[in-house]
Each structure stands twice: as structure tokens, then as C-alpha cells.
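Participant: Sending over a structure as C-alpha cells; questions will come in a sec.
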Amino acid sequence: MTVRDMLTLNFNSMDLHVKTKRKPLYYMMNLIFQTYNLFGSLKIHTLAFSNFVLKVQRGYVAKNPYHNSIHATDVVQSIHYIIHRCDFLRKGELSDAETCAMYIAAAIHDYKHPGVNNAYMVTTKTKLALRYNDQAVLENFHVAAAYKLLHHDSSNIFSGLNVETYNRVRAMIISMVLSTDMARHFSELNQFKARIQSQEFNMAGKDRQMVMNILLHACDIGTPAKPFEISARWTKRIYEEFFRQGDRERQQNLEVGPLMDRFSVNVAKSQAGFIDAIAYPLFKQISSILPNMDDFLINLEDNRDCWMDHVEEYDVKLRDMRLHK
């Protein structure tokens, strides 16, 4: 595999997981950094980088159906596609430090994800919820836990950076990872829309960080923009994770959260609604500032129609499940 092979929306990280013997993130990150000489330009020791990425890879919880290292790999590949195929590298005038920050943020954005959402963490008063004052609990945890790996010389990938560059890269990564909190979706999208309509918008200047944030967020929730045969597999994974949380909530006599009840959620209808309300408007706005976004939009439209064609089928499945509950 080469980096060119990743410049397609048909790329399947689940297949790479099998081909690399369950090390897709490790393989992809090393390939990207080596190909674009980010090791040399940022004075990153290759052994430290390999150690760091391998620790990140292992830190993802393999038993999670969705939030695992395969998802992280998928987000890295999607960021790679947008940086190069959609020309953000040139239009955003990205330095190697900024490019590196985008790839690292994508790799660590769900590091050590426990398989439940922020609402569950807050409701059950977990230690992490208390630590982060109920605000972006998991997102704060992901980036903080990943940065702890840098405290070890053997995995400190930024040891060669000067203080100014280190602080700037860290700030970029934190900002991007925190932007993946779905609670911020509408406020950040509205802010993004307002800025791109402004005559002062400059994605290669003061608006670069905002664009980097919105791009990582889009890649994080972007599986509905992949071809249906790939997207449907991701949909099955994320709803199984949702439903497992719902099962836990039911067992703990908690209110079952939205989308978490396997006995009431019509996956096809829910996924079509997600595309209409969340994914399509986000990618549509991004397409107004970056080229080659049409395939994302076409896939979203096609997948929305495909899911609507399956709504009745899922209704039948739900009725059968409730009968045998």
C-alpha cells in the first residue's frame, strides 16, 4: 500500500486491520510520516514515533464495536484525503508542523474511549466526569491521556521541537480533538458558516485553526459519506455500541439515552435523519471552500436514499425483537 492508495473514499480501514494483523493505525501513520518526510522536517525520531503510535494503537479498546483503532485509522485516512485530494495542504498553506498536528489529532482523538458517551459519563458521575467538570469529558480525556505518552523519552515524538513550535502544535491538537465533541456541532458549524460568508475569511491565516477543527469533526462523523457497502458496516458497528450502552443503562435502572434503545431505534430511519440534519449540512459547507468534495456529497445523498429504502425492513425487525423480548 502507498499513500496514493488512500486517496479514495473506497478505502476500507476494516480491511487494512486484517491485512496488517490488527495494526492498521501503526502501519498507516508510519507510512504517511515516512512518505512526506515529517520525520526529518520535524526532527522526530522514528523509533520514538513507532513506540508512540504503537502505544496509541494498543490504548484503543479493541472490544468496542466502533470506537477502536480501526475508527482512528479511518479518521486518519479521511484527513489524509482532505489534506491532499481536497487540496487543504495548498489552500490552507499548511506547514509540516500543522500537517503533523492534523494527523496526530486524528490518530488520538478517541484514545482509550470507554465505549459510552459523555452523557453516560456525567449521569453515572464517573471519575473522569468529576475531573473535567462534566465538560467534553471524553474529548479532554483522550488528548490528556495521549499526551501522557510524551512524558516517556521512548515515545516522545516532539522532543526535537523548540518550545514555540511544541506549544503551537499542542494547542492545535487540543483544539481539534475538543472540536469532536458533538455537543459543539451546531455552534461550531454556525460559526464556520458565518466566517466563510465574511469577506475577511482566510483559511490560510486567522481562520486556519477553525477549518482544521471542522475538518477533523467532519472526518470523525464522516462514515455516512463513504460508499454504502463500507458505510453500512460502520453504521452496524456504531449502533451496536450505542445499544450496548442502552443495555447498561437499562440494567442500572437509568433512563435509556437517545439512539441507545435496541428495541425502539429504527437504524435506517435514524441514519437517514443523521445525514439530513448533521452530516450533509456540514460537508456542504466544507465543499464551499475546498475542491473535490463532490464525492462526499454524492455518497451522502445516495446513502440517505438507501437507508430510507430500508426503513420498513427495520420496522419489521423491531416488531419481531419486541415480540421475543
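Ligands are numbered from 1 in the order shown, residues from 1 within each chain, and chains are lettered A, B, ... in the order they appear in the C-alpha cells.
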I'd like to know which residues of range 80-246 of chain A are helix (DSSP H, G or I) (by DSSP, run on the backbone); could you write them as a PyMOL selection string?
Facilitator: chain A and resi 80-84+88-91+96-108+118-123+127-131+137-151+153-155+163-178+182-196+208-220+223-225+228-246
Participant: I'd like the neighbourhood of Ser155 in chain A as a ChimeraX atom specification, where a residue qualifies if any of its atoms comes within 6 Å (using only C-alpha atoms), though same-chain residues fewer than 4 positions away should be ignored.
Facilitator: /A:48,51-52,150
Participant: Counting only C-alpha atoms, what are the residues of range 20-111 of chain A within 9 Å of range 204-212 of chain A, and for each of them which pair of atoms is the nearest and at what distance in Å, to one decimal? Sort the table by chain and rising number, as CSV.
Facilitator:
residue,atom,partner,partner_atom,distance
A:Arg90,CA,A:Ala204,CA,8.7
A:Lys91,CA,A:Ala204,CA,6.5
A:Gly92,CA,A:Ala204,CA,4.2
A:Glu93,CA,A:Ala204,CA,5.4
A:Leu94,CA,A:Ala204,CA,7.6
A:Met102,CA,A:Met212,CA,7.3
Participant: For those residues, write N, CA and C atoms to a file as a short mmCIF file (atom, residue, chain, number, x, y, z; two decimals), in the first residue's frame.
Facilitator:
data_model
loop_
_atom_site.label_atom_id
_atom_site.label_comp_id
_atom_site.auth_asym_id
_atom_site.auth_seq_id
_atom_site.Cartn_x
_atom_site.Cartn_y
_atom_site.Cartn_z
N ARG A 90 -2.54 22.94 0.19
CA ARG A 90 -2.19 24.15 -0.54
C ARG A 90 -3.05 25.33 -0.13
N LYS A 91 -4.36 25.11 -0.07
CA LYS A 91 -5.27 26.23 0.23
C LYS A 91 -5.10 26.75 1.65
N GLY A 92 -4.78 25.85 2.57
CA GLY A 92 -4.54 26.27 3.95
C GLY A 92 -3.11 26.66 4.21
N GLU A 93 -2.26 26.50 3.18
CA GLU A 93 -0.83 26.80 3.29
C GLU A 93 -0.24 26.14 4.55
N LEU A 94 -0.48 24.85 4.65
CA LEU A 94 -0.08 24.11 5.84
C LEU A 94 1.43 23.93 5.90
N MET A 102 -2.47 17.72 12.44
CA MET A 102 -3.74 17.16 11.97
C MET A 102 -3.73 15.64 12.01
#
Participant: Using only C-alpha atoms, determine which residues lie at most 12 Å from Lys193 in chain A, disregarding the query and same-chain residues fewer than 4 positions distant; provide the list as a ChimeraX atom specification.
Facilitator: /A:186-189,197-198,201,207,210-211,214,281-289
Participant: Extract, using only C-alpha atoms, all DNA, RNA and protein residues at most 12 Å from Asp305 in chain A, discarding same-chain residues fewer than 5 positions from it, and format them as a PyMOL selection string.
Facilitator: chain A and resi 224+228+268-269+271-273+275-276+298-300+310-311
Participant: For Leu149 in chain A, which residue out of A:Lys55, A:Arg4, A:Arg250, A:His324 is the nearest one, using only C-alpha atoms?
Facilitator: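 Smallest separation from Leu149 in chain A among the options: A:Lys55.
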Participant: Go through range 168-282 of chain A residue by residue and, counting only C-alpha atoms, keep those with an atom at most 10 Å from range 122-138 of chain A; for each kept residue give the shortest atom pair and its distance in Å to one decimal, ordered by chain and increasing number, as a Markdown table.
Facilitator:
| residue | atom | partner | partner_atom | distance |
| --- | --- | --- | --- | --- |
| A:Val177 | CA | A:Leu138 | CA | 9.9 |
| A:Leu178 | CA | A:Ala136 | CA | 7.0 |
| A:Ser179 | CA | A:Ala136 | CA | 9.2 |
| A:Thr180 | CA | A:Ala136 | CA | 9.1 |
| A:Asp181 | CA | A:Ala136 | CA | 6.2 |
| A:Met182 | CA | A:Ala136 | CA | 9.0 |
| A:Ala183 | CA | A:Ala136 | CA | 8.0 |
| A:Arg184 | CA | A:Ala136 | CA | 9.1 |
| A:Glu249 | CA | A:Thr124 | CA | 9.5 |
| A:Gln252 | CA | A:Thr124 | CA | 9.6 |
| A:Leu254 | CA | A:Thr123 | CA | 8.6 |
| A:Glu255 | CA | A:Thr123 | CA | 9.7 |
Participant: Determine the nearest neighbour of His17 in chain A from the options A:Ile70, A:Gln34, A:Leu42, A:His217, counting only C-alpha atoms.
Facilitator: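 Closest residue, counting only C-alpha atoms: A:Ile70.
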Participant: What does the structure give for the distance between CA of Gly246 in chain A and CA of Asp220 in chain A, in Å to one decimal?
Facilitator: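 If I compute the distance from CA of Gly246 in chain A to CA of Asp220 in chain A, I get 21.9 Å.
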Participant: CA of His45 in chain A and CA of Leu7 in chain A are how many Å apart?
Facilitator: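 Separating CA of His45 in chain A from CA of Leu7 in chain A is a distance of 26.5 Å.
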Participant: In Å to one decimal, how far is CA of Asn156 in chain A from CA of Ile44 in chain A?
Facilitator: 8.6 Å
Participant: Quick one: residues within 6 Å of Ile238 in chain A, only C-alpha atoms counted, chain neighbours fewer than 3 positions away excluded, as number ranges by chain?
Facilitator: A: 66, 235, 241
Participant: Show me, as a PyMOL selection string, the residues that have an atom within 12 Å of Thr99 in chain A when counting only C-alpha atoms, minus same-chain residues fewer than 2 positions from it.
Facilitator: chain A and resi 32-33+36-38+41-42+76+79-80+82-84+88-90+92-97+101-106+169+172-173+208-209+212
Participant: Taking only C-alpha atoms into account, name the residue in A:Ala62, A:Cys86, A:Met29, A:Ala194 that is nearest to Gly115 in chain A.
Facilitator: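 Checking each candidate against Gly115 in chain A, we get A:Ala62 as the closest.
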Participant: Counting only C-alpha atoms, figure out which residue out of A:Val61, A:Val143, A:Leu47, A:Leu323 gets nearest to Arg170 in chain A.
Facilitator: A:Val143
Participant: When you count only C-alpha atoms, which of these residues is closest to Gly40 in chain A: A:Pro65, A:Leu161, A:Asp110, A:Asn140?
Facilitator: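 The shortest atom-to-atom distance to Gly40 in chain A comes from A:Leu161.
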